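This report concerns only the one structure given below.
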Amino acid sequence: MRDNDVVPLPTSRRLDSTTLDTVTYDDHGLVPAVVQETTSRDVLMLAWMDAEALRRTLETHRATYWSRSRQSHWVKGETSGNTQHVRDVLLDCDGDTVLLLVDQTGPACHTGALTCFTVSP
């Protein structure tokens with residue numbers, strides 16, 4: 001396998017509109033979403049989603065999250081232009097965390113860093 005090949009993913013843990021009811025949400029109706037770049041597999045960020053954000057994401061392929069501070073939905077890149085096109089959504093083995101595989105345009109972090117897990121932009 002070459003470095004730029006994308007590793008195929010198992011289909012059994014993929015989320016779609018027919019399997020949304022398998023997600024386990026916390027007491028606030030939220031599930032953590034780990035966001036990973038499709039090609040590089042870099043972990044970009046962690047965000048929160050409710051059932052509506054997940055539904056919108058699956059429907060539009062635009063990463064939609066729940067802001068705990070603003071108490072509202074937001075679409076990644078809607079104001080910054082740093083968008084995330086969602087290629088796949090997977091559910092972990094416990095059903096309480098989702099993984100979004102995305103094509104990232106621009107930096108993922110609000111600080112301007114490529115990922116939220118780097119020290120500086």
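Chains: A, B, ... in order of the structure tokens. Residues: from 1 per chain. Ligands: from 1, in order shown.
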
Assign secondary structure with DSSP using the backbone only, and return the residues of chain A in strand (DSSP E or B) as an NGL selection string.
:A and (14 or 31-37 or 43-49 or 62 or 64-67 or 72-75 or 84-91 or 98-104)

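With distances restricted to only C-alpha atoms, A:Thr115 is the closest residue to A:Asp42 from A:Leu58, A:Thr115, A:Asp92, A:Arg68.
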
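With only C-alpha atoms as the atoms that count, the residue of A:Ala53, A:Thr38, A:Leu44, A:Asp16 with the shortest distance to A:Pro107 is A:Leu44.
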
Find the residues near A:Val89: any atom within 10 Å, counting only C-alpha atoms, skip ones fewer than 3 places away on the same chain, and give them as a list in words.
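In the requested form, the answer reads Arg13, Arg14, Leu15, Asp16, Ala33, Val34, Val35, Leu54, Thr57, Leu58, His61, Val86, Val98, Leu99, Leu100, Leu101 and Val102 of chain A.
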
Store the residues picked out above in a file with C-alpha atoms, as a PDB file, in the first residue's frame.
```pdb
ATOM      1  CA  ARG A  13     -20.115   0.680  12.000  1.00  0.00           C
ATOM      2  CA  ARG A  14     -21.040   3.240   9.344  1.00  0.00           C
ATOM      3  CA  LEU A  15     -23.840   5.607  10.235  1.00  0.00           C
ATOM      4  CA  ASP A  16     -26.601   6.602   7.868  1.00  0.00           C
ATOM      5  CA  ALA A  33     -17.415  13.688  17.392  1.00  0.00           C
ATOM      6  CA  VAL A  34     -13.774  13.055  16.570  1.00  0.00           C
ATOM      7  CA  VAL A  35     -12.914  14.615  13.214  1.00  0.00           C
ATOM      8  CA  LEU A  54     -25.874  14.212  12.916  1.00  0.00           C
ATOM      9  CA  THR A  57     -24.399  16.152   8.483  1.00  0.00           C
ATOM     10  CA  LEU A  58     -25.506  12.893   6.895  1.00  0.00           C
ATOM     11  CA  HIS A  61     -22.203  16.090   3.880  1.00  0.00           C
ATOM     12  CA  VAL A  86     -17.929  14.691   5.255  1.00  0.00           C
ATOM     13  CA  VAL A  98     -18.711   9.199  16.301  1.00  0.00           C
ATOM     14  CA  LEU A  99     -15.825   9.578  13.889  1.00  0.00           C
ATOM     15  CA  LEU A 100     -16.210  11.953  10.968  1.00  0.00           C
ATOM     16  CA  LEU A 101     -13.875  11.409   8.033  1.00  0.00           C
ATOM     17  CA  VAL A 102     -13.637  14.714   6.192  1.00  0.00           C
TER      18      VAL A 102
END
```
